[in-house]
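As stored in structure02.cif (mmCIF, C-alpha atoms):
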data_model
#
loop_
_atom_site.label_atom_id
_atom_site.label_comp_id
_atom_site.auth_asym_id
_atom_site.auth_seq_id
_atom_site.Cartn_x
_atom_site.Cartn_y
_atom_site.Cartn_z
CA MET A 172 59.99 -43.88 -39.05
CA SER A 173 60.15 -46.96 -36.87
CA ASP A 174 62.38 -47.21 -33.81
CA ASP A 175 64.60 -49.78 -35.56
CA ALA A 176 65.05 -47.56 -38.63
CA TYR A 177 65.90 -44.59 -36.43
CA MET A 178 68.47 -46.62 -34.43
CA ASP A 179 70.04 -47.81 -37.72
CA PHE A 180 70.27 -44.18 -38.81
CA LEU A 181 71.94 -43.13 -35.53
CA ASN A 182 74.36 -46.07 -35.59
CA LYS A 183 75.42 -45.27 -39.16
CA ALA A 184 75.92 -41.59 -38.32
CA ASN A 185 78.05 -42.48 -35.30
CA ALA A 186 80.05 -45.04 -37.29
CA ASP A 187 80.83 -42.40 -39.94
CA LEU A 188 81.93 -39.92 -37.25
CA ASN A 189 84.14 -42.48 -35.50
CA ALA A 190 85.71 -43.52 -38.81
CA ALA A 191 86.47 -39.89 -39.66
CA ARG A 192 88.08 -39.33 -36.25
CA ALA A 193 90.22 -42.45 -36.61
CA GLU A 194 91.27 -41.37 -40.10
CA GLN A 195 92.21 -37.92 -38.83
CA LEU A 196 94.40 -39.43 -36.11
CA GLN A 197 96.24 -41.54 -38.69
CA ASP A 198 96.58 -38.75 -41.28
CA PRO A 199 100.26 -37.71 -41.40
CA SER A 200 99.34 -34.20 -42.59
CA THR A 201 97.40 -33.65 -39.35
CA VAL A 202 99.63 -32.32 -36.60
CA ARG A 203 98.53 -32.53 -32.99
CA THR A 204 99.70 -29.72 -30.75
CA GLU A 205 99.95 -29.40 -26.98
CA THR A 206 98.78 -26.48 -24.86
CA VAL A 207 99.36 -27.40 -21.20
CA ASP A 208 102.32 -29.31 -19.77
CA MET A 209 101.60 -32.09 -17.29
CA GLY A 210 101.61 -30.79 -13.73
CA VAL A 211 101.45 -27.10 -14.70
CA ARG A 212 98.70 -25.00 -13.17
CA VAL A 213 96.77 -22.93 -15.69
CA PRO A 214 96.59 -19.29 -14.51
CA ALA A 215 93.05 -18.31 -13.51
CA PRO A 216 92.68 -15.41 -15.98
CA LEU A 217 93.02 -17.89 -18.87
CA THR A 218 90.19 -20.13 -17.72
CA SER A 219 87.50 -17.46 -17.86
CA VAL A 220 87.95 -16.20 -21.43
CA ASP A 221 84.64 -16.46 -23.22
CA ALA A 222 85.62 -15.49 -26.76
CA TYR A 223 85.75 -17.16 -30.15
CA TYR A 224 88.17 -16.52 -32.99
CA ILE A 225 86.16 -15.82 -36.12
CA SER A 226 87.25 -17.64 -39.27
CA GLU A 227 85.61 -20.21 -41.52
CA THR A 228 85.11 -22.06 -38.25
CA ASP A 229 84.52 -20.14 -35.05
CA GLU A 230 86.81 -21.65 -32.43
CA PRO A 231 87.16 -20.87 -28.70
CA PHE A 232 90.35 -19.64 -27.11
CA GLU A 233 92.00 -22.38 -25.02
CA PRO A 234 94.53 -21.89 -22.18
CA VAL A 235 98.24 -22.42 -22.78
CA ALA A 236 100.76 -23.02 -19.98
CA LEU A 237 104.07 -24.54 -21.08
CA ARG A 238 107.40 -24.83 -19.26
CA TRP A 239 110.07 -22.85 -21.07
CA GLU A 240 113.59 -22.45 -19.69
CA GLY A 241 114.08 -19.09 -21.44
CA ALA A 242 111.06 -17.65 -19.65
CA SER A 243 113.04 -17.20 -16.43
CA SER A 244 115.18 -14.69 -18.37
CA GLY A 245 112.17 -13.02 -19.97
CA ILE A 246 112.88 -14.52 -23.40
CA PHE A 247 110.14 -15.56 -25.82
CA PRO A 248 110.66 -18.85 -27.66
CA ASP A 249 111.86 -18.60 -31.26
CA PRO A 250 110.04 -20.72 -33.89
CA SER A 251 112.20 -23.80 -33.36
CA HIS A 252 111.76 -23.71 -29.58
CA LEU A 253 108.03 -23.04 -29.84
CA SER A 254 107.75 -25.97 -32.23
CA SER A 255 109.38 -28.29 -29.69
CA LEU A 256 107.07 -26.97 -26.94
CA ILE A 257 103.79 -27.42 -28.82
CA SER A 258 104.62 -30.38 -31.08
CA PRO A 259 107.24 -32.79 -29.74
CA SER A 260 106.59 -35.22 -32.61
CA ALA A 261 106.77 -32.86 -35.62
CA ASP A 262 109.04 -29.94 -36.55
CA LEU A 263 106.74 -27.01 -37.26
CA SER A 264 109.44 -24.32 -37.07
CA SER A 265 109.28 -23.50 -40.79
CA SER A 266 105.53 -22.92 -40.57
CA ILE A 267 105.63 -20.52 -37.59
CA THR A 268 105.49 -16.77 -38.06
CA THR A 269 105.04 -14.00 -35.51
CA LEU A 270 102.50 -11.21 -35.60
CA SER A 271 102.03 -8.06 -33.60
CA PRO A 272 98.82 -7.81 -31.56
CA SER A 273 97.53 -5.14 -33.97
CA ALA A 274 98.19 -7.38 -37.00
CA PHE A 275 96.42 -10.29 -35.30
CA ASP A 276 93.46 -8.17 -34.18
CA PRO A 277 93.16 -5.16 -36.53
CA ARG A 278 89.46 -4.59 -35.68
CA ASN A 279 89.95 -4.87 -31.90
CA GLN A 280 87.68 -7.94 -31.67
CA TYR A 281 89.72 -9.83 -29.08
CA PRO A 282 90.69 -7.39 -26.31
CA SER A 283 89.49 -9.81 -23.60
CA ALA A 284 91.85 -12.50 -24.90
CA LEU A 285 94.85 -10.16 -24.97
CA ARG A 286 93.99 -8.77 -21.53
CA ALA A 287 93.67 -12.29 -20.07
CA VAL A 288 97.12 -13.25 -21.38
CA ARG A 289 98.70 -10.16 -19.81
CA ALA A 290 96.91 -10.85 -16.52
CA ALA A 291 98.05 -14.48 -16.55
CA ALA A 292 101.69 -13.52 -17.05
CA ALA A 293 101.52 -10.89 -14.32
CA GLU A 294 99.63 -13.06 -11.82
CA SER A 295 102.69 -14.63 -10.17
CA SER A 296 104.56 -11.33 -9.89
CA GLY A 297 101.93 -9.25 -8.14
CA GLY A 298 99.52 -8.46 -10.94
CA ASP A 299 101.16 -5.46 -12.66
CA GLU A 300 100.30 -5.94 -16.34
CA SER A 301 101.87 -2.70 -17.58
CA GLY A 302 105.21 -4.28 -18.48
CA VAL A 303 103.86 -7.49 -19.99
CA ASP A 304 104.66 -8.00 -23.66
CA VAL A 305 102.43 -10.22 -25.77
CA LYS A 306 103.53 -12.04 -28.90
CA ILE A 307 101.29 -13.83 -31.37
CA TYR A 308 102.53 -16.89 -33.22
CA ARG A 309 100.75 -18.14 -36.33
CA VAL A 310 101.33 -21.88 -36.82
CA GLU A 311 100.29 -23.66 -40.01
CA VAL A 312 99.34 -27.19 -38.98
CA GLY A 313 97.69 -28.40 -42.17
CA PRO A 314 96.80 -27.40 -45.71
CA SER A 315 94.18 -24.86 -44.61
CA ARG A 316 94.43 -25.17 -40.83
CA VAL A 317 96.14 -22.58 -38.67
CA GLU A 318 96.58 -22.19 -34.94
CA TYR A 319 97.23 -18.86 -33.27
CA TYR A 320 99.11 -18.72 -29.98
CA ILE A 321 98.79 -15.50 -28.00
CA LEU A 322 101.65 -15.78 -25.52
CA ALA A 323 103.38 -13.89 -22.74
CA VAL A 324 106.26 -14.88 -20.50
CA ASP A 325 105.77 -15.64 -16.80
CA VAL A 326 109.30 -15.05 -15.51
CA LYS A 327 108.66 -16.21 -11.93
CA GLN A 328 107.13 -19.55 -12.97
CA SER A 329 109.43 -20.09 -16.03
CA LEU A 330 106.40 -20.52 -18.28
CA VAL A 331 104.96 -19.22 -21.49
CA VAL A 332 101.28 -18.64 -20.80
CA GLY A 333 98.49 -17.58 -23.05
CA LEU A 334 95.74 -18.75 -25.33
CA ARG A 335 95.48 -20.85 -28.45
CA THR A 336 92.76 -20.79 -31.05
CA LYS A 337 92.29 -22.68 -34.27
CA ALA A 338 91.25 -21.35 -37.65
CA VAL A 339 90.47 -22.61 -41.12
CA GLU A 340 91.83 -20.27 -43.77
CA THR A 341 91.24 -21.16 -47.40
#
Please rewrite the model in this file as structure tokens.
Amino acid sequence: MSDDAYMDFLNKANADLNAARAEQLQDPSTVRTETVDMGVRVPAPLTSVDAYYISETDEPFEPVALRWEGASSGIFPDPSHLSSLISPSADLSSSITTLSPSAFDPRNQYPSALRAVRAAAAESSGGDESGVDVKIYRVEVGPSRVEYYILAVDVKQSLVVGLRTKAVET
């Protein structure tokens, strides 16, 4: 293959990828979600999680740190409040369900993720993880796309902190 033919091949491949990305951004069925509020420091335990959620696509766990007024009272967001935290432009409340940690991880594949979320919530209050509750939210963001939010409440910082991962479930 000549250099020119190879460059044509690469340019076409990149053009197809860029077109697909642009189409995805314009697709109304694609919902973009947020994980970290501007100016919020991500707790250190969330930045060192080296785990992937196994589904039809294996996706990493990403840090979540969102300001939530109810957190100062130890309250988890309900589906409508979580929707406004993660997706200011679309109402996802009807597609949010909650799971227990054992329902989310029945085979105990993600203990490091759950432990990191507890450590992140306890970090600002001295590090005692024993009283930290964790809640998992399952958010349908597309026809076969789901995001899981593993969250805990950081009372001192008025934040919900945790991890998000994406999955394809057909």
Checklist entry - For Tyr308 of chain A, which residue among A:Leu285, A:Ala274, A:Ala293, A:Ile267 is the nearest when counting all atoms listed in the file? => result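 Answer, going by the shortest atom-to-atom distance: A:Ile267.
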Checklist entry - Written as a PyMOL selection string, which residues does the PyMOL selection byres ((chain A and resi 224-231) around 9) give for the file shown? => result chain A and resi 220-223+232-233+280-281+335-341
Checklist entry - Which residues, written as a list in words, have at least one atom at most 10 Å from Ser258 of chain A, with all atoms listed in the file counted and residues fewer than 6 positions away on the same chain left out? => result Val202, Arg203, Thr204, Glu205, Thr206, His252 and Ser264 of chain A
Checklist entry - Quick one: of A:Val303, A:Ile321, A:Val211, A:Ala236, who's nearest to Ala284 of chain A, counting all atoms listed in the file? => result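 Smallest distance to Ala284 of chain A is found for A:Ile321.
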Next on the checklist: If the PyMOL selection byres ((chain A and resi 325) around 8) were run on this exact file, what residues would it hold? Put them as number ranges by chain.
Outcome noted: A: 242-243, 245, 291-293, 295, 323-324, 326-332
Next on the checklist: Could you check the closest approach to Val213 of chain A for each of A:Glu294, A:Asp304, A:Val235, A:Pro259 and tell me which residue wins, using all atoms listed in the file?
Outcome noted: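 Using all atoms listed in the file, Val213 of chain A sits closest to A:Val235.
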Checklist entry - Around (110.4, -23.1, -34.1) in the file's frame, which residues reach within 7 Å when counting only C-alpha atoms? Return as a VMD selection string? => result chain A and resid 249 to 255 263 to 265 267
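Take atom CA of Val305 of chain A and atom CA of Ala261 of chain A: the distance between them is 25.1 Å.
Rounded to one decimal, atom CA of Arg316 of chain A and atom CA of Gly210 of chain A lie 28.6 Å from each other.
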Checklist outcome for this item: Computed gap from atom CA of Arg212 of chain A to atom CA of Leu237 of chain A is 9.6 Å
Return as AutoDock Vina command-line options the centre and edge lengths, in Å with one decimal, of the box along x, y and z that encloses every atom of segment 228-234 of chain A in the file, padded by 3 Å per side.
--center_x 89.5 --center_y -21.0 --center_z -30.2 --size_x 16.0 --size_y 8.7 --size_z 22.1
Checklist entry - Looking at A:Gly298, A:Gly241, A:Gly333, A:Pro282, which one is nearest to Tyr319 of chain A, with distances taken over only C-alpha atoms? => result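 The closest residue to Tyr319 of chain A is A:Gly333.
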Checklist entry - Which residue, A:Asp175, A:Arg278, A:Val312, A:Asp299, has the smallest gap to Ile257 of chain A when you use all atoms listed in the file? => result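 Residue with the minimum atom-to-atom distance to Ile257 of chain A: A:Val312.
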Checklist entry - From the list A:Asp179, A:Leu334, A:Asp174, A:Ser260, which residue is nearest Glu318 of chain A when using only C-alpha atoms? => result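 For Glu318 of chain A, the nearest of the candidates is A:Leu334.
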